[in-house]
$ cat upload_25.cif   # mmCIF, C-alpha atoms
data_upload
#
loop_
_atom_site.group_PDB
_atom_site.id
_atom_site.type_symbol
_atom_site.label_atom_id
_atom_site.label_comp_id
_atom_site.auth_asym_id
_atom_site.auth_seq_id
_atom_site.Cartn_x
_atom_site.Cartn_y
_atom_site.Cartn_z
ATOM 1 C CA MET A 32 109.496 65.283 108.490
ATOM 2 C CA LYS A 33 108.987 61.657 109.446
ATOM 3 C CA SER A 34 112.424 61.373 111.080
ATOM 4 C CA TYR A 35 111.660 64.182 113.558
ATOM 5 C CA PRO A 36 109.619 63.889 116.733
ATOM 6 C CA GLU A 37 106.028 64.960 116.104
ATOM 7 C CA ASN A 38 106.131 67.985 118.439
ATOM 8 C CA PHE A 39 109.345 69.263 116.871
ATOM 9 C CA ALA A 40 107.899 68.811 113.378
ATOM 10 C CA LYS A 41 104.777 70.773 114.365
ATOM 11 C CA LEU A 42 106.922 73.599 115.756
ATOM 12 C CA VAL A 43 108.933 73.764 112.526
ATOM 13 C CA GLU A 44 105.727 73.802 110.461
ATOM 14 C CA SER A 45 104.281 76.614 112.600
ATOM 15 C CA LEU A 46 107.425 78.702 112.280
ATOM 16 C CA GLU A 47 107.527 78.136 108.516
ATOM 17 C CA LYS A 48 104.139 79.826 108.201
ATOM 18 C CA LEU A 49 105.563 83.116 109.493
ATOM 19 C CA PRO A 50 106.445 85.750 106.870
ATOM 20 C CA SER A 51 110.041 85.535 105.577
ATOM 21 C CA ILE A 52 110.799 82.299 107.465
ATOM 22 C CA GLY A 53 111.878 79.473 105.208
ATOM 23 C CA ARG A 54 112.404 75.819 106.069
ATOM 24 C CA LYS A 55 116.036 76.152 107.191
ATOM 25 C CA SER A 56 115.322 79.193 109.356
ATOM 26 C CA ALA A 57 112.328 77.420 110.881
ATOM 27 C CA MET A 58 114.513 74.435 111.739
ATOM 28 C CA ARG A 59 117.177 76.650 113.367
ATOM 29 C CA LEU A 60 114.582 78.585 115.349
ATOM 30 C CA ALA A 61 112.778 75.428 116.451
ATOM 31 C CA TYR A 62 116.025 73.860 117.636
ATOM 32 C CA PHE A 63 117.054 77.040 119.451
ATOM 33 C CA LEU A 64 113.694 77.371 121.193
ATOM 34 C CA ALA A 65 113.347 73.689 122.079
ATOM 35 C CA PHE A 66 116.908 72.996 123.224
ATOM 36 C CA GLU A 67 119.202 76.012 123.523
ATOM 37 C CA ASP A 68 117.081 78.638 125.318
ATOM 38 C CA LYS A 69 113.959 77.148 126.818
ATOM 39 C CA PHE A 70 113.350 80.240 128.964
ATOM 40 C CA SER A 71 113.150 82.430 125.834
ATOM 41 C CA ALA A 72 110.776 79.899 124.281
ATOM 42 C CA ILE A 73 108.437 80.063 127.279
ATOM 43 C CA ARG A 74 108.634 83.881 127.324
ATOM 44 C CA LEU A 75 107.950 84.018 123.566
ATOM 45 C CA ALA A 76 104.929 81.722 123.939
ATOM 46 C CA HIS A 77 103.613 83.879 126.791
ATOM 47 C CA ASN A 78 104.093 87.120 124.819
ATOM 48 C CA ILE A 79 102.318 85.661 121.797
ATOM 49 C CA GLU A 80 99.432 84.510 123.982
ATOM 50 C CA CYS A 81 99.153 87.966 125.609
ATOM 51 C CA CYS A 82 99.125 89.712 122.224
ATOM 52 C CA VAL A 83 96.516 87.378 120.792
ATOM 53 C CA GLN A 84 94.259 87.719 123.818
ATOM 54 C CA GLN A 85 94.732 91.364 124.775
ATOM 55 C CA LEU A 86 95.552 93.530 121.748
ATOM 56 C CA LEU A 87 92.697 95.480 120.194
ATOM 57 C CA VAL A 88 92.139 97.679 117.179
ATOM 58 C CA CYS A 89 91.623 101.337 118.085
ATOM 59 C CA GLU A 90 87.977 102.262 117.513
ATOM 60 C CA GLU A 91 88.948 105.712 116.268
ATOM 61 C CA CYS A 92 91.906 105.226 113.928
ATOM 62 C CA GLY A 93 92.356 101.465 113.418
ATOM 63 C CA ALA A 94 95.811 101.243 115.045
ATOM 64 C CA ILE A 95 96.895 98.370 117.260
ATOM 65 C CA SER A 96 96.218 99.197 120.888
ATOM 66 C CA ASN A 97 95.910 97.853 124.420
ATOM 67 C CA ASP A 98 92.728 99.884 124.873
ATOM 68 C CA ARG A 99 89.582 100.732 122.882
ATOM 69 C CA ILE A 100 91.197 104.095 121.998
ATOM 70 C CA CYS A 101 94.950 104.076 121.329
ATOM 71 C CA GLY A 102 97.497 106.325 122.998
ATOM 72 C CA ILE A 103 97.911 108.486 119.896
ATOM 73 C CA CYS A 104 94.185 109.186 119.536
ATOM 74 C CA SER A 105 93.843 109.980 123.230
ATOM 75 C CA ASP A 106 96.887 112.311 123.237
ATOM 76 C CA ASN A 107 95.541 115.879 122.954
ATOM 77 C CA GLU A 108 99.045 117.204 122.203
ATOM 78 C CA ARG A 109 98.856 115.434 118.826
ATOM 79 C CA ASN A 110 95.964 117.640 117.661
ATOM 80 C CA ASN A 111 98.020 119.655 115.158
ATOM 81 C CA GLY A 112 95.497 119.526 112.311
ATOM 82 C CA GLU A 113 97.283 116.732 110.412
ATOM 83 C CA LEU A 114 95.868 113.290 109.687
ATOM 84 C CA CYS A 115 98.125 110.654 108.145
ATOM 85 C CA ILE A 116 96.234 107.937 106.293
ATOM 86 C CA VAL A 117 98.053 104.599 106.087
ATOM 87 C CA ALA A 118 97.280 101.235 104.488
ATOM 88 C CA ASN A 119 97.770 99.074 107.583
ATOM 89 C CA PRO A 120 98.487 99.412 111.308
ATOM 90 C CA ARG A 121 102.133 98.314 110.889
ATOM 91 C CA ASP A 122 102.798 101.504 108.918
ATOM 92 C CA ILE A 123 102.023 103.549 112.033
ATOM 93 C CA PHE A 124 104.885 101.824 113.877
ATOM 94 C CA LEU A 125 107.300 102.706 111.069
ATOM 95 C CA LEU A 126 106.217 106.341 110.941
ATOM 96 C CA GLU A 127 106.311 106.668 114.727
ATOM 97 C CA GLU A 128 109.873 105.314 114.824
ATOM 98 C CA SER A 129 110.960 108.205 112.592
ATOM 99 C CA GLY A 130 109.748 110.723 115.176
ATOM 100 C CA GLU A 131 108.821 113.158 112.380
ATOM 101 C CA PHE A 132 105.037 112.974 112.445
ATOM 102 C CA VAL A 133 103.148 114.286 115.476
ATOM 103 C CA GLY A 134 99.566 114.312 114.207
ATOM 104 C CA LYS A 135 96.848 111.660 114.161
ATOM 105 C CA TYR A 136 96.526 108.521 112.013
ATOM 106 C CA PHE A 137 93.775 106.683 110.197
ATOM 107 C CA VAL A 138 94.090 103.151 108.781
ATOM 108 C CA ILE A 139 92.403 102.292 105.477
ATOM 109 C CA GLU A 140 92.978 98.665 104.539
ATOM 110 C CA GLY A 141 91.054 99.037 101.283
ATOM 111 C CA LEU A 142 88.008 100.848 100.003
ATOM 112 C CA GLU A 143 85.781 97.833 100.612
ATOM 113 C CA LYS A 144 86.407 98.180 104.378
ATOM 114 C CA LEU A 145 86.288 101.982 104.488
ATOM 115 C CA GLU A 146 83.595 103.623 106.598
ATOM 116 C CA LEU A 147 83.642 107.073 104.992
ATOM 117 C CA LYS A 148 81.239 108.518 107.567
ATOM 118 C CA HIS A 149 83.581 107.467 110.394
ATOM 119 C CA LEU A 150 86.564 109.052 108.605
ATOM 120 C CA GLU A 151 84.624 112.319 108.229
ATOM 121 C CA GLU A 152 83.766 112.236 111.955
ATOM 122 C CA VAL A 153 87.444 111.755 112.869
ATOM 123 C CA ILE A 154 88.419 114.663 110.593
ATOM 124 C CA GLN A 155 85.827 116.981 112.100
ATOM 125 C CA LYS A 156 86.431 115.907 115.720
ATOM 126 C CA ASN A 157 90.189 116.531 115.431
ATOM 127 C CA LYS A 158 89.833 119.742 113.370
ATOM 128 C CA ILE A 159 91.961 118.258 110.604
ATOM 129 C CA LYS A 160 93.226 120.702 107.987
ATOM 130 C CA GLU A 161 95.675 118.470 106.096
ATOM 131 C CA VAL A 162 95.314 114.830 105.066
ATOM 132 C CA ILE A 163 98.647 113.144 104.335
ATOM 133 C CA PHE A 164 98.584 109.896 102.374
ATOM 134 C CA ALA A 165 101.413 107.536 103.383
ATOM 135 C CA PHE A 166 100.895 104.767 100.842
ATOM 136 C CA SER A 167 103.337 102.720 98.782
ATOM 137 C CA PRO A 168 103.370 103.846 95.160
ATOM 138 C CA SER A 169 100.911 101.827 93.063
ATOM 139 C CA LEU A 170 98.024 102.468 90.702
ATOM 140 C CA GLY A 171 95.604 101.025 93.246
ATOM 141 C CA ASN A 172 96.813 103.388 95.969
ATOM 142 C CA GLU A 173 96.680 106.339 93.561
ATOM 143 C CA SER A 174 93.045 105.431 92.931
ATOM 144 C CA VAL A 175 92.331 105.340 96.680
ATOM 145 C CA MET A 176 93.871 108.796 97.099
ATOM 146 C CA LEU A 177 91.847 110.258 94.229
ATOM 147 C CA TYR A 178 88.659 108.659 95.539
ATOM 148 C CA LEU A 179 89.183 110.053 99.039
ATOM 149 C CA GLU A 180 90.062 113.513 97.720
ATOM 150 C CA ASP A 181 86.817 113.501 95.767
ATOM 151 C CA LYS A 182 84.694 112.284 98.695
ATOM 152 C CA LEU A 183 86.271 114.649 101.248
ATOM 153 C CA GLU A 184 86.730 117.818 99.182
ATOM 154 C CA HIS A 185 83.616 119.394 100.740
ATOM 155 C CA LEU A 186 85.533 119.578 104.061
ATOM 156 C CA GLY A 187 88.037 122.120 102.668
ATOM 157 C CA LEU A 188 91.096 119.986 103.353
ATOM 158 C CA GLN A 189 94.603 120.162 101.945
ATOM 159 C CA PHE A 190 95.687 116.787 100.520
ATOM 160 C CA THR A 191 99.346 115.743 100.360
ATOM 161 C CA LYS A 192 101.260 112.493 100.013
ATOM 162 C CA ILE A 193 104.647 111.423 101.275
ATOM 163 C CA ALA A 194 107.551 111.913 98.883
ATOM 164 C CA GLN A 195 108.599 108.908 96.853
ATOM 165 C CA GLY A 196 111.644 108.136 94.841
ATOM 166 C CA VAL A 197 115.126 106.733 95.253
ATOM 167 C CA PRO A 198 115.910 105.333 98.712
ATOM 168 C CA THR A 199 119.189 106.305 100.387
ATOM 169 C CA GLY A 200 122.054 103.924 99.732
ATOM 170 C CA VAL A 201 120.455 102.091 96.800
ATOM 171 C CA SER A 202 121.986 102.287 93.325
ATOM 172 C CA LEU A 203 119.773 103.332 90.416
ATOM 173 C CA GLU A 204 120.115 99.936 88.735
ATOM 174 C CA ASN A 205 118.160 98.428 91.637
ATOM 175 C CA ILE A 206 115.268 100.918 91.487
ATOM 176 C CA ASP A 207 111.985 100.204 89.713
ATOM 177 C CA GLN A 208 110.813 102.513 86.907
ATOM 178 C CA LEU A 209 107.927 104.038 88.874
ATOM 179 C CA SER A 210 110.299 105.095 91.673
ATOM 180 C CA ILE A 211 112.718 106.629 89.168
ATOM 181 C CA VAL A 212 109.877 108.563 87.518
ATOM 182 C CA ARG A 213 108.669 109.813 90.915
ATOM 183 C CA ALA A 214 112.188 110.800 91.920
ATOM 184 C CA LEU A 215 112.618 112.833 88.737
ATOM 185 C CA GLN A 216 109.219 114.488 89.123
ATOM 186 C CA SER A 217 109.882 115.361 92.776
ATOM 187 C CA ARG A 218 113.436 116.605 92.320
ATOM 188 C CA VAL A 219 114.623 119.500 94.484
ATOM 189 C CA LYS A 220 117.215 122.233 94.062
ATOM 190 C CA VAL A 221 120.666 121.383 95.428
#

$ encode --input "upload_25.cif" --output "structure tokens"
Amino acid sequence: MKSYPENFAKLVESLEKLPSIGRKSAMRLAYFLAFEDKFSAIRLAHNIECCVQQLLVCEECGAISNDRICGICSDNERNNGELCIVANPRDIFLLEESGEFVGKYFVIEGLEKLELKHLEEVIQKNKIKEVIFAFSPSLGNESVMLYLEDKLEHLGLQFTKIAQGVPTGVSLENIDQLSIVRALQSRVKV
């Protein structure tokens, strides 16, 4: 980008590093921020700085939080005996947007990072009766579920996983084989 001013080129390069932002999108965003809406650019920079400096990971469940313990973990009305285990903190946002789940969460970003003792403490503290796995379908995630079932079976828990199959509005030709198999195995009466 030798024909661009150095600061503009650096902004484009920074934007390009964001997920799902290609070169053309980075150029459009950089131009918009630098020339068309400078107030939004300043506000965006401030919000990024605040997030980087102030956001924490909840000490209990691993969610993103403003405090050491997140709002979900500190909400006693969410003690319904259900614990939803997710693969990353972003999944909590998606599940919360649905409004369907009103229990507690626990983030497991891989078995190598898992503190099993801490998970057991969370289960016992919250009187968990059902563990719900909310993972994407994959052999690796199936292995994680089986491992956790084995390690936690002494707690007398019920283990379930979210349903998987064909998403609404997607034709069968665009569905992978594993999803089709799961959809057939999990079929329900009409």

$ residues_around --input "upload_25.cif" --residues "range 178-190 of chain A" --least-positions-apart "5" --cutoff "6 Å" --atoms "only C-alpha atoms" --output "list in words"
Lys160, Glu161 and Val162 of chain A

$ atom_distance --input "upload_25.cif" --atom1 "CA of Ile193 in chain A" --atom2 "CA of Ala165 in chain A"
5.5 Å

$ residues_around --input "upload_25.cif" --residues "range 85-95 of chain A" --least-positions-apart "2" --cutoff "9 Å" --atoms "all atoms listed in the file" --output "ChimeraX atom specification"
/A:80-83,97-101,103-104,119-121,123,135-139,149-150,153

$ write_last_selection --input "upload_25.cif" --atoms "C-alpha atoms" --output "compact mmCIF listing (two decimals), in the coordinates of the input"
# COMPACT_ATOMS: atom_id res chain seq x y z
CA GLU A 80 99.43 84.51 123.98
CA CYS A 81 99.15 87.97 125.61
CA CYS A 82 99.12 89.71 122.22
CA VAL A 83 96.52 87.38 120.79
CA ASN A 97 95.91 97.85 124.42
CA ASP A 98 92.73 99.88 124.87
CA ARG A 99 89.58 100.73 122.88
CA ILE A 100 91.20 104.10 122.00
CA CYS A 101 94.95 104.08 121.33
CA ILE A 103 97.91 108.49 119.90
CA CYS A 104 94.18 109.19 119.54
CA ASN A 119 97.77 99.07 107.58
CA PRO A 120 98.49 99.41 111.31
CA ARG A 121 102.13 98.31 110.89
CA ILE A 123 102.02 103.55 112.03
CA LYS A 135 96.85 111.66 114.16
CA TYR A 136 96.53 108.52 112.01
CA PHE A 137 93.78 106.68 110.20
CA VAL A 138 94.09 103.15 108.78
CA ILE A 139 92.40 102.29 105.48
CA HIS A 149 83.58 107.47 110.39
CA LEU A 150 86.56 109.05 108.60
CA VAL A 153 87.44 111.76 112.87

$ closest_residue --input "upload_25.cif" --among "A:Leu114, A:Ala40, A:Leu126, A:Val212" --to "Ala65 in chain A" --atoms "all atoms listed in the file"
A:Ala40

$ resolve_selection --input "upload_25.cif" --expression "the PyMOL selection byres ((chain A and resi 42) around 12)" --output "short mmCIF file (atom, residue, chain, number, x, y, z; two decimals) with C-alpha atoms, in the frame of the given file"
data_model
loop_
_atom_site.label_atom_id
_atom_site.label_comp_id
_atom_site.auth_asym_id
_atom_site.auth_seq_id
_atom_site.Cartn_x
_atom_site.Cartn_y
_atom_site.Cartn_z
CA MET A 32 109.50 65.28 108.49
CA TYR A 35 111.66 64.18 113.56
CA PRO A 36 109.62 63.89 116.73
CA GLU A 37 106.03 64.96 116.10
CA ASN A 38 106.13 67.98 118.44
CA PHE A 39 109.34 69.26 116.87
CA ALA A 40 107.90 68.81 113.38
CA LYS A 41 104.78 70.77 114.36
CA VAL A 43 108.93 73.76 112.53
CA GLU A 44 105.73 73.80 110.46
CA SER A 45 104.28 76.61 112.60
CA LEU A 46 107.42 78.70 112.28
CA GLU A 47 107.53 78.14 108.52
CA LYS A 48 104.14 79.83 108.20
CA LEU A 49 105.56 83.12 109.49
CA ARG A 54 112.40 75.82 106.07
CA SER A 56 115.32 79.19 109.36
CA ALA A 57 112.33 77.42 110.88
CA MET A 58 114.51 74.44 111.74
CA ARG A 59 117.18 76.65 113.37
CA LEU A 60 114.58 78.58 115.35
CA ALA A 61 112.78 75.43 116.45
CA TYR A 62 116.02 73.86 117.64
CA PHE A 63 117.05 77.04 119.45
CA LEU A 64 113.69 77.37 121.19
CA ALA A 65 113.35 73.69 122.08
CA ALA A 72 110.78 79.90 124.28
CA ALA A 76 104.93 81.72 123.94
#

$ residues_near_point --input "upload_25.cif" --point "(101.9, 109.2, 101.4)" --cutoff "12 Å" --atoms "only C-alpha atoms" --output "PyMOL selection string"
chain A and resi 114-118+122+126+136+162-169+172-173+175-176+190-196

$ axis_aligned_box --input "upload_25.cif" --around "range 156-174 of chain A" --padding-each-side "3 Å" --output "lines of an AutoDock Vina configuration file"
center_x = 94.9
center_y = 110.9
center_z = 103.2
size_x = 22.9
size_y = 25.7
size_z = 31.0

$ atom_distance --input "upload_25.cif" --atom1 "CA of Lys156 in chain A" --atom2 "CA of Gly102 in chain A"
16.3 Å

$ atom_distance --input "upload_25.cif" --atom1 "CA of His77 in chain A" --atom2 "CA of Lys55 in chain A"
24.5 Å

$ residues_around --input "upload_25.cif" --residues "Glu108 in chain A" --least-positions-apart "2" --cutoff "9 Å" --atoms "only C-alpha atoms" --output "VMD selection string"
chain A and resid 105 to 106 110 to 111 133 to 134

$ residues_around --input "upload_25.cif" --residues "Leu215 in chain A" --least-positions-apart "4" --cutoff "10 Å" --atoms "only C-alpha atoms" --output "ChimeraX atom specification"
/A:195-197,209-211,219

$ residues_around --input "upload_25.cif" --residues "Ile159 in chain A" --least-positions-apart "5" --cutoff "7 Å" --atoms "all atoms listed in the file" --output "VMD selection string"
chain A and resid 112 to 114 154
